[in-house]
Structures are given as structure tokens and as C-alpha cells.
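Note sheet for the following structure.
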Amino acid sequence: MPNHQYWEEFEFDRHPGANVISCLMDIQKNPVNKMGEKTTPVAWEQGCLEEVCGSCSMLVNGKPRQACTALIEKYIQETGSLTINLAPFTKFPLIRDLCVDRTRMFDSLKKVKAWISVDGTTDNGEFGPPVSPEVQEALYVLSTCMVCGCCSEGCPQVNPDSKFMGPAAMSQVRLFNSNPTGKLEKSERLNAVLGEEGIAGCGNAQNCVRVCPKKIPLTESLSLIGREATKQSLKNFFSLPDAKEE
């Protein structure tokens, strides 16, 4: 059944500190639109309400972001308008209102094995292999990814005609391949991004790093994974039986 999208307008009293989520909660309590018509409450997702879970992703005035940190007064001051437009992400299947299905992103994390499945503590003591403070700092920044979908929403290469996994999955490959224990499965992750869903799909638009709520260096990750993927493809080529015989 096709989705029937439409706009609906609501009015609120201005309150200091109000954010998009608090306004949506007001609608939920009293779902009456600007025309005075009783309507259905707006459907949206939320979780932590402190920009950690990534669930309240939506377009606020056309830009992908987290609704929980979108302060109403700030938008009014920046735009000079009392109207703020909310819309669902366009790169994911629409469920209802502001809710979308981000299964595509989670499936991508599975494809690149975005976890450490090998226990590295056996031969390296109780706490596993040592990690320098510099590496820890770099890994922490990459680990803050919320899988919110903002980077995919901003990426022109993520579209119905492309199979590109999106920047988040590529950055997670970097995260787990940089981990001393995760390196044991480095080749598997790199092979996962050699196909048409992988790094070749990146068009270097650099929108992803501009809209990432956590300021993760996504373009840096994409560049690094591109180099590593090239090395992996060469290793794969020269390890073929036919190549050895020649």
C-alpha cells in the first residue's frame, strides 16, 4: 500500500529550554492541529533523550539531526521564523509520521562484523592486549556512533539505485580493525567492503561528516578504509591458485 504523506501544523506556547521532543509530547497529550481539528498523535521514536541512543533522528528544517537536542528557541533565533518543519528521513522506508525503518543500517553492521567475536584475553593476561592512550582516544571517538542514520540521510550515494552501505558501516570497520583483538578478523571485514555495497560506492561528497551529531571523522575513515580495501584486493588477487602458477 503506498504511503500517503501530508503536512499538519500545530501551535505551541513558547517555553525556555523547550526542544522538538517536548513539543511532540505536547501534541501527544492534546492532538489538536492549528485548524482546531482533533487528529491522531504524531508517531516518533525516542530513547535516552540525551543524544546517545540515536533513535530520535529526523529532519528538522530540512537537516538530519537528533530531535532531543534541537532547541526551539535556537531555531527561532537562527531563522527568524516561528515555524519549524519536522519530517522523516527520506533514505529509509517510512513506517509512519516521523518513524522510519533503519534495518538497512543494522544489516550493514552485520555484514561488516561490527563486533569483536574473538576473546583476546587468553594469551595477553586478564585485561587483554595493551592499547596506548593515543589509540584509545581515537577508538573512543569512532565508538560514539549511534547508528542514528544522519550520515546516510546526508549521503547522496545512499539512494534507491545504490547498494552502498553508507558511511557508518565503513567507520565501524575502521573501529574494529584498529582494535588489537579485532585485527584478527581484519581481512573478513575488508572483504565485506570490496563488493558493490562497500567502499567503491562512496562518492566523496563529504556530507556525512557535516551532519554527524558526534563529529566522527567519517571522511577520514572512508579514506583509510579505501586504502586498506585496495591492499586487501591485491592480497586476494595474488593468493589465487592461478596467480601462483603463473
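FYI, nothing fancy with the C-alpha cells labels: chains A, B, ... in order, residues from 1 per chain, ligands from 1 as they appear.
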
(request) Among the residues of stretch 18-146 of chain A, find those DSSP assigns to strand (DSSP E or B) from the backbone and print them as number ranges by chain. (result) A: 19, 32, 38, 57-60, 63-66, 71, 86-87, 94-96, 99-100

(message) Could you list, as a PyMOL selection string, every residue within 7 Å of stretch 137-149 of chain A, counting only C-alpha atoms and ignoring same-chain residues fewer than 6 positions away?
(response) chain A and resi 52-55+57+168+171+175+214+216

(request) Identify, on the basis of only C-alpha atoms, every residue whose closest approach to A:Asn61 does not exceed 12 Å; exclude the query and any residue fewer than 4 positions from it along the same chain; express the result as a VMD selection string. (result) chain A and resid 20 65 67 70 72 75 to 76 78 to 79 81 to 89

I need the chosen residues saved as a short mmCIF file (atom, residue, chain, number, x, y, z; two decimals), in the first residue's frame, with N, CA and C atoms.
data_model
loop_
_atom_site.label_atom_id
_atom_site.label_comp_id
_atom_site.auth_asym_id
_atom_site.auth_seq_id
_atom_site.Cartn_x
_atom_site.Cartn_y
_atom_site.Cartn_z
N VAL A 20 12.37 19.86 20.40
CA VAL A 20 11.41 19.24 19.48
C VAL A 20 10.65 18.11 20.17
N ARG A 65 19.17 15.39 12.01
CA ARG A 65 19.73 15.58 13.34
C ARG A 65 18.92 14.82 14.37
N ALA A 67 16.37 14.95 17.43
CA ALA A 67 15.32 15.88 17.89
C ALA A 67 15.49 16.27 19.34
N ALA A 70 17.47 19.42 19.65
CA ALA A 70 17.03 20.51 18.78
C ALA A 70 16.19 21.48 19.61
N ILE A 72 14.06 24.71 20.48
CA ILE A 72 13.12 25.53 19.73
C ILE A 72 13.60 26.98 19.63
N TYR A 75 16.35 27.66 17.10
CA TYR A 75 15.90 27.69 15.70
C TYR A 75 15.19 29.00 15.38
N ILE A 76 14.41 29.49 16.33
CA ILE A 76 13.70 30.75 16.11
C ILE A 76 14.69 31.89 15.94
N GLU A 78 17.86 31.62 14.96
CA GLU A 78 18.68 31.44 13.76
C GLU A 78 17.92 31.78 12.48
N THR A 79 16.64 31.40 12.44
CA THR A 79 15.88 31.57 11.20
C THR A 79 14.98 32.80 11.20
N SER A 81 12.08 32.74 12.17
CA SER A 81 10.73 32.24 11.90
C SER A 81 10.20 31.48 13.11
N LEU A 82 8.91 31.59 13.35
CA LEU A 82 8.27 30.86 14.44
C LEU A 82 7.83 29.47 14.02
N THR A 83 8.06 29.14 12.74
CA THR A 83 7.66 27.83 12.21
C THR A 83 8.87 26.93 12.06
N ILE A 84 8.77 25.72 12.61
CA ILE A 84 9.83 24.72 12.48
C ILE A 84 9.24 23.49 11.79
N ASN A 85 9.86 23.06 10.71
CA ASN A 85 9.36 21.92 9.94
C ASN A 85 10.03 20.63 10.38
N LEU A 86 9.23 19.63 10.66
CA LEU A 86 9.73 18.29 11.00
C LEU A 86 9.30 17.32 9.92
N ALA A 87 10.22 16.43 9.54
CA ALA A 87 9.90 15.44 8.51
C ALA A 87 10.72 14.18 8.77
N PRO A 88 10.25 13.04 8.28
CA PRO A 88 11.02 11.80 8.46
C PRO A 88 12.20 11.75 7.51
N PHE A 89 13.18 10.91 7.82
CA PHE A 89 14.30 10.69 6.91
C PHE A 89 13.76 10.14 5.60
#

(request) Excluding A:Gly198 and residues on its chain fewer than 2 positions from it, collect all residues at most 10 Å away from it, counting only C-alpha atoms, and give them as a PyMOL selection string. (result) chain A and resi 108+112+163-167+169-170+190-196+200-202+225-226+229

(request) Tell me, in Å to one decimal, how far atom CA of A:Pro16 is from atom CA of A:Glu51. (result)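 One can read the atom CA of A:Pro16 to atom CA of A:Glu51 distance as 19.4 Å.
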
(message) Just checking: using only C-alpha atoms, which residue out of A:Glu153, A:Glu134, A:Asp101, A:Glu220 ends up closest to A:Trp44?
(response) A:Asp101

(message) From a backbone DSSP assignment, name each residue in stretch 1-180 of chain A labelled alpha helix (DSSP H), as a PyMOL selection string.
(response) chain A and resi 20-29+72-79+103-111+133-143+150-154+167-178

(request) Identify, on the basis of only C-alpha atoms, every residue whose closest approach to stretch 113-116 of chain A does not exceed 8 Å; exclude the query and any residue fewer than 2 positions from it along the same chain; express the result as number ranges by chain. (result) A: 109-111, 118-119, 169, 172-173, 176, 181-182, 188-189

Restricting the output to C-alpha atoms, write the selected residues as a CSV table (one decimal), in the first residue's frame.
chain,number,residue,atom,x,y,z
A,109,LEU,CA,26.8,-3.7,10.6
A,110,LYS,CA,26.2,-7.4,10.5
A,111,LYS,CA,27.8,-7.7,7.0
A,118,VAL,CA,37.4,-13.4,19.4
A,119,ASP,CA,38.4,-13.4,23.1
A,169,ALA,CA,29.4,0.9,8.5
A,172,GLN,CA,32.8,0.8,12.2
A,173,VAL,CA,35.2,-1.3,10.0
A,176,PHE,CA,37.1,-2.8,15.0
A,181,THR,CA,41.9,-8.1,19.2
A,182,GLY,CA,39.6,-7.0,16.3
A,188,GLU,CA,36.9,-10.6,6.8
A,189,ARG,CA,35.7,-7.0,7.3

(message) Which residues are near A:Glu50? Cut-off 10 Å, only C-alpha atoms, ignore same chain within fewer than 6 positions. Put them as a list in words.
(response) Gln66, Ala67, Cys68 and Thr69 of chain A

Got time to write the residues from that selection, C-alpha atoms, as a PDB file, in the first residue's frame?
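Printed below is selection_10.pdb as written:
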ATOM      1  CA  GLN A  66      18.591  14.342  16.742  1.00  0.00           C
ATOM      2  CA  ALA A  67      15.325  15.877  17.885  1.00  0.00           C
ATOM      3  CA  CYS A  68      16.219  15.668  21.582  1.00  0.00           C
ATOM      4  CA  THR A  69      18.926  18.328  21.249  1.00  0.00           C
TER       5      THR A  69
END

(request) For atom CA of A:Ala43 and atom CA of A:Asn19, quote the distance in Å rounded to one decimal. (result)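 Interatomic distance, atom CA of A:Ala43 to atom CA of A:Asn19: 16.2 Å.
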
(request) Determine, counting only C-alpha atoms, which protein, DNA and RNA residues have an atom within 10 Å of an atom of A:Asp26; residues of the same chain fewer than 5 positions away are not included. Present the result as a list in words. (result) Phe10, Glu11, Phe12, Val20, Ile21, Pro31, Val32 and Pro41 of chain A

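Among A:Ser22, A:Thr219, A:Asn236, A:Asn30, the residue with the shortest atom-to-atom distance to A:Gln46, counting only C-alpha atoms, is A:Ser22.
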